[in-house]
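Coordinates from input31.txt are shown below (compact mmCIF, C-alpha atoms).
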```txt
# COMPACT_ATOMS: atom_id res chain seq x y z
CA MET U 1 111.28 87.07 105.74
CA LYS U 2 112.55 84.12 107.69
CA ILE U 3 114.58 84.61 110.83
CA LYS U 4 115.84 81.52 112.64
CA TYR U 5 115.05 81.39 116.35
CA LEU U 6 116.15 79.20 119.24
CA VAL U 7 113.75 76.75 120.89
CA LEU U 8 111.41 78.30 123.46
CA SER U 9 112.94 77.97 126.89
CA GLY U 10 110.57 79.94 129.08
CA ILE U 11 107.89 82.53 129.29
CA ILE U 12 108.28 85.97 130.83
CA SER U 13 105.70 86.90 133.39
CA VAL U 14 106.69 90.44 134.39
CA LEU U 15 105.12 93.14 132.26
CA ILE U 16 106.69 96.55 131.84
CA PRO U 17 109.43 97.93 134.08
CA PHE U 18 112.48 96.68 132.19
CA VAL U 19 112.85 99.38 129.57
CA VAL U 20 115.03 102.41 130.22
CA THR U 21 114.62 105.16 127.63
CA ALA U 22 115.20 108.86 127.16
CA GLN U 23 111.54 109.32 128.04
CA LYS U 24 112.38 108.81 131.73
CA ILE U 25 114.40 112.01 131.61
CA VAL U 26 111.29 113.83 130.40
CA HIS U 27 108.88 112.30 132.92
CA PRO U 28 109.36 109.24 135.15
CA LEU U 29 105.89 107.92 134.29
CA LEU U 30 106.07 108.35 130.52
CA GLN U 31 107.20 105.08 128.92
CA SER U 32 106.61 105.88 125.23
CA GLY U 33 104.68 108.28 123.07
CA PRO U 34 102.75 110.37 122.67
CA MET U 35 101.95 108.96 119.24
CA LEU U 36 99.43 110.43 116.85
CA GLY U 37 96.99 107.76 115.67
CA TYR U 38 94.24 108.14 113.10
CA ALA U 39 92.98 111.59 112.10
CA ASP U 40 89.63 112.39 110.56
CA MET U 41 87.79 115.64 109.94
CA ARG U 42 86.01 115.65 113.30
CA GLU U 43 88.34 113.74 115.60
CA ALA U 44 91.90 112.55 116.06
CA MET U 45 93.46 110.01 118.38
CA ILE U 46 96.58 110.37 120.54
CA TRP U 47 98.22 107.30 122.09
CA LEU U 48 100.68 107.02 124.93
CA GLN U 49 102.05 104.51 127.43
CA THR U 50 103.00 105.01 131.06
CA THR U 51 105.42 103.02 133.20
CA SER U 52 102.76 102.29 135.82
CA GLU U 53 99.19 103.17 136.70
CA ALA U 54 98.43 106.86 136.10
CA GLU U 55 95.69 109.22 134.99
CA VAL U 56 96.42 110.68 131.56
CA TYR U 57 94.76 113.12 129.20
CA VAL U 58 95.66 115.65 126.53
CA THR U 59 94.73 119.28 126.12
CA TYR U 60 94.77 120.80 122.64
CA HIS U 61 94.01 124.06 120.90
CA ASP U 62 93.73 125.39 117.37
CA ILE U 63 97.00 127.20 116.64
CA THR U 64 94.98 130.17 115.37
CA ARG U 65 92.84 130.26 118.54
CA PRO U 66 95.20 129.50 121.47
CA ALA U 67 92.80 130.94 124.05
CA ARG U 68 90.29 128.11 123.57
CA THR U 69 91.66 124.91 125.13
CA MET U 70 89.92 121.57 124.70
CA VAL U 71 90.44 118.31 126.59
CA THR U 72 90.36 114.67 125.50
CA ASN U 73 88.84 111.86 127.51
CA LYS U 74 90.72 110.94 130.67
CA VAL U 75 92.13 107.43 131.02
CA LYS U 76 93.55 105.64 134.02
CA THR U 77 96.19 103.36 132.58
CA SER U 78 96.30 99.79 133.87
CA LYS U 79 98.49 96.71 133.69
CA ALA U 80 95.64 94.86 131.94
CA GLU U 81 96.02 97.29 129.02
CA ALA U 82 99.85 97.38 129.17
CA PHE U 83 99.52 100.88 130.66
CA THR U 84 98.45 102.25 127.25
CA ALA U 85 95.86 104.94 126.61
CA HIS U 86 93.87 106.00 123.55
CA LEU U 87 92.90 109.66 123.93
CA VAL U 88 90.39 111.12 121.49
CA ALA U 89 90.37 114.77 120.49
CA ASP U 90 86.72 115.00 119.41
CA SER U 91 86.28 118.78 119.15
CA VAL U 92 88.42 119.39 116.07
CA GLU U 93 87.43 120.84 112.70
CA PRO U 94 88.46 119.80 109.17
CA GLY U 95 91.71 121.19 107.83
CA HIS U 96 92.92 122.78 111.06
CA GLN U 97 96.22 122.51 112.92
CA TYR U 98 96.39 121.91 116.66
CA LYS U 99 99.02 122.01 119.37
CA TYR U 100 98.62 119.47 122.14
CA GLN U 101 99.92 118.95 125.67
CA VAL U 102 100.15 115.64 127.53
CA PHE U 103 99.15 115.52 131.19
CA ILE U 104 100.07 112.71 133.60
CA ASN U 105 98.43 112.77 137.00
CA ARG U 106 97.19 116.29 136.20
CA ARG U 107 100.68 117.66 135.59
CA PRO U 108 101.90 118.76 132.14
CA VAL U 109 104.68 116.79 130.48
CA LYS U 110 107.24 119.01 128.74
CA LEU U 111 108.61 117.31 125.65
CA PRO U 112 111.72 118.45 123.75
CA TYR U 113 110.06 118.07 120.34
CA SER U 114 107.00 119.24 118.44
CA THR U 115 103.54 118.12 119.54
CA GLN U 116 101.20 119.24 116.79
CA PHE U 117 98.66 117.51 114.60
CA ALA U 118 96.42 118.41 111.68
CA THR U 119 93.06 117.17 110.49
CA PRO U 120 92.31 116.37 106.83
CA PRO U 121 90.58 119.21 104.98
CA ILE U 122 87.03 119.15 103.64
CA TRP U 123 87.38 119.67 99.89
CA LYS U 124 84.82 117.73 97.81
CA TRP U 125 82.61 120.00 95.65
CA ARG U 126 84.79 122.91 96.80
CA THR U 127 88.34 122.66 95.46
CA ASP U 128 90.77 120.38 93.71
CA PRO U 129 91.90 117.44 95.86
CA PRO U 130 94.51 118.50 98.42
CA GLU U 131 98.16 117.68 98.13
CA PHE U 132 99.43 115.40 100.88
CA THR U 133 102.37 113.17 101.71
CA MET U 134 102.59 109.77 103.34
CA LEU U 135 105.54 107.68 104.48
CA THR U 136 105.62 103.92 104.56
CA GLY U 137 107.91 101.02 105.41
CA SER U 138 108.19 97.65 107.12
CA CYS U 139 110.44 95.44 109.20
CA ALA U 140 111.58 97.36 112.30
CA TYR U 141 113.87 95.18 114.39
CA ILE U 142 115.09 96.66 117.68
CA ASN U 143 117.98 94.79 119.27
CA GLN U 144 117.75 93.32 122.76
CA PRO U 145 120.90 91.19 123.14
CA GLU U 146 119.63 88.86 125.86
CA TYR U 147 116.84 87.71 123.53
CA ASP U 148 118.47 88.10 120.11
CA ARG U 149 120.12 85.37 118.08
CA ALA U 150 123.88 85.11 118.42
CA GLY U 151 126.23 87.01 116.14
CA LYS U 152 126.06 90.41 114.51
CA PRO U 153 123.06 92.45 115.73
CA TYR U 154 120.17 92.18 113.28
CA GLY U 155 118.84 95.70 113.90
CA ALA U 156 120.60 99.01 113.26
CA ASP U 157 120.25 102.53 111.86
CA TYR U 158 117.54 103.68 114.25
CA LYS U 159 118.42 107.16 112.97
CA ILE U 160 116.05 106.41 110.08
CA PHE U 161 113.18 107.52 112.34
CA THR U 162 114.83 110.92 112.79
CA GLY U 163 114.99 111.36 109.03
CA MET U 164 111.38 110.30 108.68
CA ALA U 165 110.26 112.88 111.24
CA GLU U 166 112.10 115.56 109.26
CA GLN U 167 109.86 114.91 106.25
CA LYS U 168 106.85 116.33 108.15
CA ALA U 169 104.53 113.99 106.28
CA ASP U 170 100.80 113.89 106.92
CA PHE U 171 100.90 110.27 108.03
CA MET U 172 102.90 107.05 108.18
CA LEU U 173 101.60 103.62 107.16
CA TRP U 174 103.52 100.78 108.82
CA LEU U 175 103.51 97.71 106.56
CA GLY U 176 104.01 94.89 109.03
CA ASP U 177 106.83 93.29 110.99
CA ASN U 178 106.65 96.57 112.89
CA LEU U 179 108.30 94.62 115.69
CA TYR U 180 109.77 91.12 115.94
CA LEU U 181 108.27 88.83 118.55
CA ARG U 182 110.88 86.41 119.92
CA GLU U 183 110.48 82.94 121.49
CA PRO U 184 109.89 84.28 125.02
CA ASP U 185 107.25 86.67 123.71
CA TRP U 186 104.55 85.17 121.52
CA ASN U 187 103.08 82.56 123.88
CA SER U 188 101.91 84.98 126.58
CA ALA U 189 100.15 88.32 126.88
CA SER U 190 102.93 89.62 129.15
CA GLY U 191 105.64 88.56 126.70
CA ILE U 192 103.86 90.22 123.79
CA ALA U 193 103.35 93.43 125.77
CA ARG U 194 107.01 93.51 126.78
CA ARG U 195 108.13 93.20 123.17
CA TYR U 196 105.80 95.98 122.07
CA THR U 197 106.99 98.15 124.96
CA HIS U 198 110.65 97.57 124.16
CA THR U 199 110.24 98.43 120.47
CA ARG U 200 107.93 101.40 120.99
CA SER U 201 110.32 102.99 123.52
CA VAL U 202 113.25 103.56 121.17
CA PRO U 203 114.37 107.18 121.80
CA GLU U 204 114.94 107.94 118.11
CA MET U 205 111.33 107.04 117.37
CA GLN U 206 109.68 109.42 119.84
CA PRO U 207 109.71 112.72 117.86
CA PHE U 208 108.40 110.85 114.81
CA LEU U 209 105.57 109.28 116.79
CA ALA U 210 104.55 112.62 118.28
CA SER U 211 104.45 114.67 115.07
CA THR U 212 103.07 112.34 112.36
CA HIS U 213 99.82 110.37 112.28
CA HIS U 214 100.35 106.59 112.26
CA TYR U 215 98.37 103.69 110.79
CA ALA U 216 99.50 100.05 110.74
CA ILE U 217 98.97 96.56 109.40
CA TRP U 218 100.90 93.53 110.61
CA ASP U 219 102.78 90.56 109.15
CA ASP U 220 104.08 87.32 110.63
CA HIS U 221 106.56 88.74 113.16
CA ASP U 222 104.08 90.99 114.94
CA TYR U 223 101.31 88.40 114.51
CA GLY U 224 103.23 85.42 115.87
CA PRO U 225 106.17 83.16 114.97
CA ASP U 226 107.98 83.29 111.62
CA ASN U 227 105.67 82.39 108.71
CA SER U 228 102.70 81.94 111.06
CA ASN U 229 99.22 81.40 109.64
CA GLU U 230 95.57 81.12 110.74
CA SER U 231 96.37 78.18 113.01
CA PHE U 232 98.50 80.21 115.45
CA PHE U 233 96.90 79.47 118.81
CA ASN U 234 97.63 82.84 120.45
CA LYS U 235 96.47 85.20 117.72
CA ASN U 236 93.70 86.63 119.89
CA GLN U 237 96.32 87.94 122.31
CA THR U 238 98.56 89.35 119.58
CA LEU U 239 95.53 91.09 118.07
CA ASN U 240 94.69 92.51 121.48
CA ALA U 241 98.24 93.88 121.78
CA PHE U 242 97.98 95.33 118.26
CA ARG U 243 94.82 97.13 119.40
CA GLN U 244 96.54 98.37 122.57
CA PHE U 245 99.62 99.75 120.84
CA TRP U 246 98.29 101.15 117.57
CA GLY U 247 95.82 103.92 116.78
CA ASN U 248 93.87 102.60 113.79
CA PRO U 249 90.25 103.65 113.22
CA THR U 250 89.11 100.03 113.81
CA TYR U 251 90.54 96.58 114.52
CA GLY U 252 88.38 94.45 112.24
CA VAL U 253 85.37 95.56 110.18
CA GLY U 254 81.81 94.42 110.84
CA ASP U 255 81.95 90.71 111.66
CA ILE U 256 85.36 90.27 109.98
CA GLU U 257 88.05 89.73 112.60
CA GLY U 258 91.70 90.64 112.29
CA ALA U 259 93.97 93.67 111.91
CA ILE U 260 91.74 95.11 109.18
CA THR U 261 90.57 98.67 108.68
CA SER U 262 90.11 101.43 106.14
CA PHE U 263 90.46 105.19 106.00
CA GLN U 264 90.33 108.07 103.55
CA TRP U 265 92.80 110.89 103.04
CA GLY U 266 92.25 113.44 100.32
CA ASP U 267 91.15 111.67 97.14
CA ALA U 268 92.59 108.29 98.16
CA ASP U 269 90.91 105.33 99.85
CA PHE U 270 93.16 103.09 101.93
CA PHE U 271 92.32 99.45 102.57
CA LEU U 272 94.50 97.86 105.26
CA LEU U 273 94.46 94.07 104.98
CA ASP U 274 95.37 91.21 107.31
CA ASN U 275 97.43 88.58 105.49
CA ARG U 276 97.84 86.29 108.53
CA TRP U 277 94.54 85.84 110.39
CA TYR U 278 92.90 83.77 107.61
CA ARG U 279 96.03 82.55 105.81
CA GLU U 280 96.11 78.80 105.25
CA PRO U 281 99.40 76.97 105.89
CA ASP U 282 101.88 76.95 103.04
CA GLU U 283 102.24 73.22 103.56
CA LEU U 284 98.63 72.42 102.63
CA ASN U 285 97.97 71.30 99.06
CA ASN U 286 94.40 72.54 98.63
CA ALA U 287 93.27 73.32 95.09
CA TYR U 288 92.28 76.80 96.22
CA LYS U 289 94.24 78.32 99.07
CA THR U 290 93.47 81.65 100.65
CA VAL U 291 95.59 84.38 102.17
CA LEU U 292 92.78 86.79 103.04
CA GLY U 293 89.83 84.49 103.64
CA GLU U 294 86.51 84.67 101.78
CA LYS U 295 84.94 87.44 103.90
CA GLN U 296 87.95 89.75 103.83
CA LEU U 297 88.49 89.23 100.09
CA ASN U 298 84.83 90.02 99.35
CA TRP U 299 85.05 93.09 101.59
CA LEU U 300 88.02 94.29 99.55
CA PHE U 301 86.25 93.63 96.23
CA GLU U 302 83.09 95.45 97.32
CA ASN U 303 85.11 98.46 98.45
CA LEU U 304 87.20 98.57 95.29
CA VAL U 305 84.19 98.42 92.99
CA THR U 306 82.28 101.12 94.90
CA SER U 307 85.17 103.47 95.68
CA LYS U 308 84.89 106.93 94.15
CA ALA U 309 88.44 107.81 95.15
CA THR U 310 91.06 108.63 92.54
CA PHE U 311 93.57 106.18 94.01
CA LYS U 312 92.72 102.93 95.77
CA ILE U 313 95.64 102.02 98.02
CA VAL U 314 95.71 98.40 99.24
CA ALA U 315 98.22 97.63 102.02
CA MET U 316 99.29 94.10 102.88
CA GLY U 317 102.30 92.48 104.49
CA GLY U 318 103.59 90.30 101.64
CA GLN U 319 104.13 91.26 98.01
CA PHE U 320 101.06 91.00 95.81
CA LEU U 321 102.43 91.24 92.26
CA SER U 322 105.96 89.81 92.43
CA ASP U 323 106.37 86.51 90.60
CA ALA U 324 109.89 85.83 91.91
CA ALA U 325 110.13 82.11 92.69
CA GLU U 326 112.69 82.90 95.42
CA ASN U 327 110.06 84.86 97.37
CA ALA U 328 108.39 82.14 99.42
CA GLU U 329 105.90 84.55 101.01
CA ALA U 330 104.75 86.28 97.82
CA TYR U 331 101.13 85.83 96.76
CA SER U 332 102.34 83.94 93.70
CA ALA U 333 104.02 81.27 95.89
CA GLY U 334 102.82 78.62 98.32
CA GLY U 335 99.75 77.69 96.29
CA PHE U 336 98.07 81.09 96.66
CA ASN U 337 98.45 82.24 93.05
CA LYS U 338 94.84 81.40 92.19
CA GLU U 339 93.59 83.97 94.72
CA ARG U 340 96.07 86.48 93.27
CA GLU U 341 94.69 85.83 89.78
CA ILE U 342 91.09 86.15 91.01
CA THR U 343 91.95 89.56 92.45
CA ILE U 344 93.66 90.74 89.28
CA ASN U 345 90.75 89.51 87.13
CA PHE U 346 88.26 91.30 89.38
CA ILE U 347 90.11 94.57 88.86
CA TYR U 348 90.11 93.92 85.11
CA GLN U 349 86.47 92.83 84.94
CA TYR U 350 85.21 96.00 86.60
CA ASN U 351 87.85 98.24 85.00
CA ILE U 352 88.96 99.59 88.38
CA LYS U 353 91.67 102.13 87.66
CA ASN U 354 94.48 103.42 89.86
CA VAL U 355 94.75 100.43 92.20
CA VAL U 356 98.09 100.57 93.99
CA PHE U 357 99.23 97.82 96.36
CA ILE U 358 101.86 98.72 98.94
CA SER U 359 103.74 95.93 100.67
CA GLY U 360 106.79 95.05 102.73
CA ASP U 361 108.30 91.85 104.16
CA VAL U 362 111.18 91.04 101.78
CA HIS U 363 113.90 93.29 103.27
CA TYR U 364 114.54 95.14 100.03
CA SER U 365 112.50 97.65 98.07
CA GLU U 366 111.22 97.69 94.51
CA ILE U 367 108.26 98.62 92.33
CA SER U 368 106.33 95.96 90.43
CA VAL U 369 103.86 96.86 87.67
CA LEU U 370 101.40 94.73 85.70
CA LYS U 371 100.44 96.17 82.32
CA GLN U 372 98.12 94.47 79.84
CA GLU U 373 96.75 96.18 76.76
CA GLY U 374 93.26 97.50 77.31
CA LYS U 375 93.37 96.74 81.07
CA PRO U 376 93.95 99.00 84.09
CA VAL U 377 97.56 99.18 85.22
CA ILE U 378 98.22 97.62 88.65
CA TYR U 379 101.17 98.64 90.82
CA ASP U 380 102.85 97.12 93.88
CA LEU U 381 105.18 99.42 95.82
CA THR U 382 107.39 97.41 98.19
CA PHE U 383 109.37 99.11 100.97
CA SER U 384 111.56 97.07 103.33
CA ALA U 385 113.44 97.12 105.64
CA LEU U 386 113.40 99.99 108.14
CA THR U 387 115.91 98.78 110.75
CA SER U 388 116.18 95.01 110.31
CA GLY U 389 118.84 93.32 108.20
CA PRO U 390 118.65 94.08 104.45
CA ASN U 391 118.26 91.29 101.89
CA THR U 392 121.36 91.69 99.73
CA SER U 393 120.15 89.04 97.26
CA GLY U 394 116.99 90.91 96.30
CA GLU U 395 118.16 92.13 92.93
CA SER U 396 118.94 88.56 91.81
CA TRP U 397 115.38 87.45 92.54
CA LYS U 398 113.68 87.06 89.16
CA ASN U 399 110.62 89.23 89.46
CA THR U 400 109.56 89.76 85.85
CA LEU U 401 107.23 92.62 86.83
CA ARG U 402 109.98 94.71 88.46
CA VAL U 403 110.50 98.29 87.33
CA PRO U 404 114.22 98.50 86.48
CA GLY U 405 116.29 100.66 88.77
CA THR U 406 113.98 100.43 91.79
CA VAL U 407 115.73 97.72 93.80
CA VAL U 408 117.25 99.03 97.04
CA MET U 409 119.08 96.53 99.23
CA GLU U 410 119.79 98.70 102.26
CA ARG U 411 117.63 100.03 105.09
CA ASN U 412 115.07 102.40 103.64
CA TYR U 413 111.56 103.84 103.69
CA GLY U 414 109.10 105.09 101.11
CA MET U 415 107.61 108.54 100.60
CA ILE U 416 104.53 109.05 98.41
CA LYS U 417 103.30 112.53 97.46
CA PHE U 418 99.75 112.90 96.13
CA SER U 419 99.44 116.01 93.95
CA GLY U 420 97.93 117.61 90.87
CA PRO U 421 94.51 118.99 89.91
CA ALA U 422 91.35 116.89 89.68
CA ASN U 423 91.47 114.36 86.82
CA ALA U 424 95.23 114.80 86.48
CA ARG U 425 96.48 113.51 89.82
CA LYS U 426 99.80 111.79 90.28
CA LEU U 427 101.85 109.93 92.84
CA THR U 428 105.49 110.89 93.22
CA VAL U 429 107.06 107.82 94.83
CA SER U 430 110.52 108.01 96.39
CA CYS U 431 112.77 105.58 98.23
CA LEU U 432 115.10 107.05 100.86
CA ASN U 433 117.81 105.30 102.83
CA SER U 434 118.63 105.56 106.53
CA ASP U 435 120.77 108.65 105.86
CA ASN U 436 117.68 110.30 104.30
CA LYS U 437 119.27 110.17 100.84
CA LYS U 438 116.91 109.61 97.91
CA ARG U 439 117.74 106.38 96.08
CA TRP U 440 115.14 106.70 93.30
CA GLU U 441 111.96 108.52 92.36
CA GLN U 442 109.12 107.36 90.12
CA VAL U 443 105.91 109.10 89.03
CA ILE U 444 102.59 107.26 88.72
CA GLU U 445 100.00 109.26 86.79
CA GLN U 446 96.25 108.88 87.20
CA GLU U 447 94.68 106.81 84.42
```
Would you mind giving the structure from this file in structure tokens?
Amino acid sequence: MKIKYLVLSGIISVLIPFVVTAQKIVHPLLQSGPMLGYADMREAMIWLQTTSEAEVYVTYHDITRPARTMVTNKVKTSKAEAFTAHLVADSVEPGHQYKYQVFINRRPVKLPYSTQFATPPIWKWRTDPPEFTMLTGSCAYINQPEYDRAGKPYGADYKIFTGMAEQKADFMLWLGDNLYLREPDWNSASGIARRYTHTRSVPEMQPFLASTHHYAIWDDHDYGPDNSNESFFNKNQTLNAFRQFWGNPTYGVGDIEGAITSFQWGDADFFLLDNRWYREPDELNNAYKTVLGEKQLNWLFENLVTSKATFKIVAMGGQFLSDAAENAEAYSAGGFNKEREITINFIYQYNIKNVVFISGDVHYSEISVLKQEGKPVIYDLTFSALTSGPNTSGESWKNTLRVPGTVVMERNYGMIKFSGPANARKLTVSCLNSDNKKRWEQVIEQE
């Protein structure tokens, strides 16, 4: 969504030591985190950030075998990496739960909230697919008055992160605009790092980061300026910051650059797309315009057609299905509809069932569904916004594919539960507001 900014007046050159958070009460060198990153059957990643140079590592043990303590790699944080660390627990087993302890300069950090993680179970050829729960959402604006636009603060309801932590979900998938770069930020590595540091240090977010695994894509506001595209000159530095501050399995796949990755959880394959790195400008009038770029689109097609997963979950920043003319960043707008149609026709041609797009960006939530007789049903679950200003005009946008009763025009997040026996799986999709009240629930059954 568009946010109007003032003209750039300067670039910040100092990196970290401007943020004061509750973390300083816990340990003077802990800036933010720990945050659980990706988790697989044989390893999991734990992220954290210090206020200055320090040696960090994590010890962990199986909750059923507390006597055996294991240790991650040790990292000396540095200014060049925004004092961030990616610590890998590589001695885990599938389907186990672990308690972990952060150490800074060889001293334990006592945190006032849970520090546990779990690895996905091994289940194929053994049992029915496991039940699991994910959370999702987009557009997290954290106020900083000296850099915000004038008027009423755009961000609020940070308590939403407390409610999300209470769900005890297996993982969270952030859908872009996970922070909002401002004019002093996006032109320099130090400015980008300071914005990430400010957002990541919100006290209400810390228990959620520490207890739930986190994956992320980005959209325009964490990629660059509003509505930015492939021409943004500083995208290498914003991608480097994305790598520093998130815990995805990869940052790009093969020779395809960008904030792209994939992971599996239970009987679902997740494909995390980058809708900015290859996106052509809206202003161009090419006959065929691309959002994803040829290589990324082919990568998606090849994965969809070969996936053996029950559900194929495709995450991208902007809405895929919506045909609302008011939505300038939807796939159907800006001359990109041909690529949208190519994608839909590919799914139809190869009869790929249970494809579910999840998206953010628009600052309201809704479900869109495309049903054609004899064709697989395609869904788009949109969840926005977490803490930024809601779009109170969303319901008037004429999206003909909208599921009635699913528009929510207040701060919210999504919860998706995967359940049921093999061949009869279902998704129970809920939208909850910042008070953790359920606004609606819909069930998507396996085709």
Distance query 9 Å from (93.1, 79.2, 96.5) using all atoms listed in the file, result as a ChimeraX atom specification: /U:286-291,335-340
Point-to-point distance from CA of Gly394 (chain U) to CA of Gly224 (chain U), Å rounded to tenths: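 Between CA of Gly394 (chain U) and CA of Gly224 (chain U) the gap works out to 24.5 Å.
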Atom pair CA of Pro203 (chain U) / CA of Trp440 (chain U): separation (Å):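 Taking CA of Pro203 (chain U) as the start and CA of Trp440 (chain U) as the end point, the length is 28.5 Å.
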Sphere at (110.0, 111.2, 127.8), radius 12 Å, counting all atoms listed in the file: residues as an MDAnalysis selection string: chainID U and resid 20:35 48:51 102 104 108:113 201:207 210
Write a file of the selected residues as a short mmCIF file (atom, residue, chain, number, x, y, z; two decimals), in the frame of the given file, keeping C-alpha atoms.
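Output below, filename again.cif:
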```cif
data_model
loop_
_atom_site.label_atom_id
_atom_site.label_comp_id
_atom_site.auth_asym_id
_atom_site.auth_seq_id
_atom_site.Cartn_x
_atom_site.Cartn_y
_atom_site.Cartn_z
CA VAL U 20 115.03 102.41 130.22
CA THR U 21 114.62 105.16 127.63
CA ALA U 22 115.20 108.86 127.16
CA GLN U 23 111.54 109.32 128.04
CA LYS U 24 112.38 108.81 131.73
CA ILE U 25 114.40 112.01 131.61
CA VAL U 26 111.29 113.83 130.40
CA HIS U 27 108.88 112.30 132.92
CA PRO U 28 109.36 109.24 135.15
CA LEU U 29 105.89 107.92 134.29
CA LEU U 30 106.07 108.35 130.52
CA GLN U 31 107.20 105.08 128.92
CA SER U 32 106.61 105.88 125.23
CA GLY U 33 104.68 108.28 123.07
CA PRO U 34 102.75 110.37 122.67
CA MET U 35 101.95 108.96 119.24
CA LEU U 48 100.68 107.02 124.93
CA GLN U 49 102.05 104.51 127.43
CA THR U 50 103.00 105.01 131.06
CA THR U 51 105.42 103.02 133.20
CA VAL U 102 100.15 115.64 127.53
CA ILE U 104 100.07 112.71 133.60
CA PRO U 108 101.90 118.76 132.14
CA VAL U 109 104.68 116.79 130.48
CA LYS U 110 107.24 119.01 128.74
CA LEU U 111 108.61 117.31 125.65
CA PRO U 112 111.72 118.45 123.75
CA TYR U 113 110.06 118.07 120.34
CA SER U 201 110.32 102.99 123.52
CA VAL U 202 113.25 103.56 121.17
CA PRO U 203 114.37 107.18 121.80
CA GLU U 204 114.94 107.94 118.11
CA MET U 205 111.33 107.04 117.37
CA GLN U 206 109.68 109.42 119.84
CA PRO U 207 109.71 112.72 117.86
CA ALA U 210 104.55 112.62 118.28
#
```
Name the residues in contact with Val75 (chain U) at a cut-off of 7 Å, using only C-alpha atoms, excluding same-chain residues fewer than 4 positions from it; report them as a PDB file with C-alpha atoms, in the frame of the given file.
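This went into selection-v5.pdb:
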```
ATOM      1  CA  GLU U  55      95.690 109.220 134.990  1.00  0.00           C
ATOM      2  CA  VAL U  56      96.420 110.680 131.560  1.00  0.00           C
ATOM      3  CA  TYR U  57      94.760 113.120 129.200  1.00  0.00           C
ATOM      4  CA  ALA U  85      95.860 104.940 126.610  1.00  0.00           C
TER       5      ALA U  85
END
```
Pick from U:Asp323, U:Arg194, U:Ala309, U:Phe270 nearest to Phe357 (chain U), counting all atoms listed in the file: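 That would be U:Phe270, the residue with the smallest distance to Phe357 (chain U).
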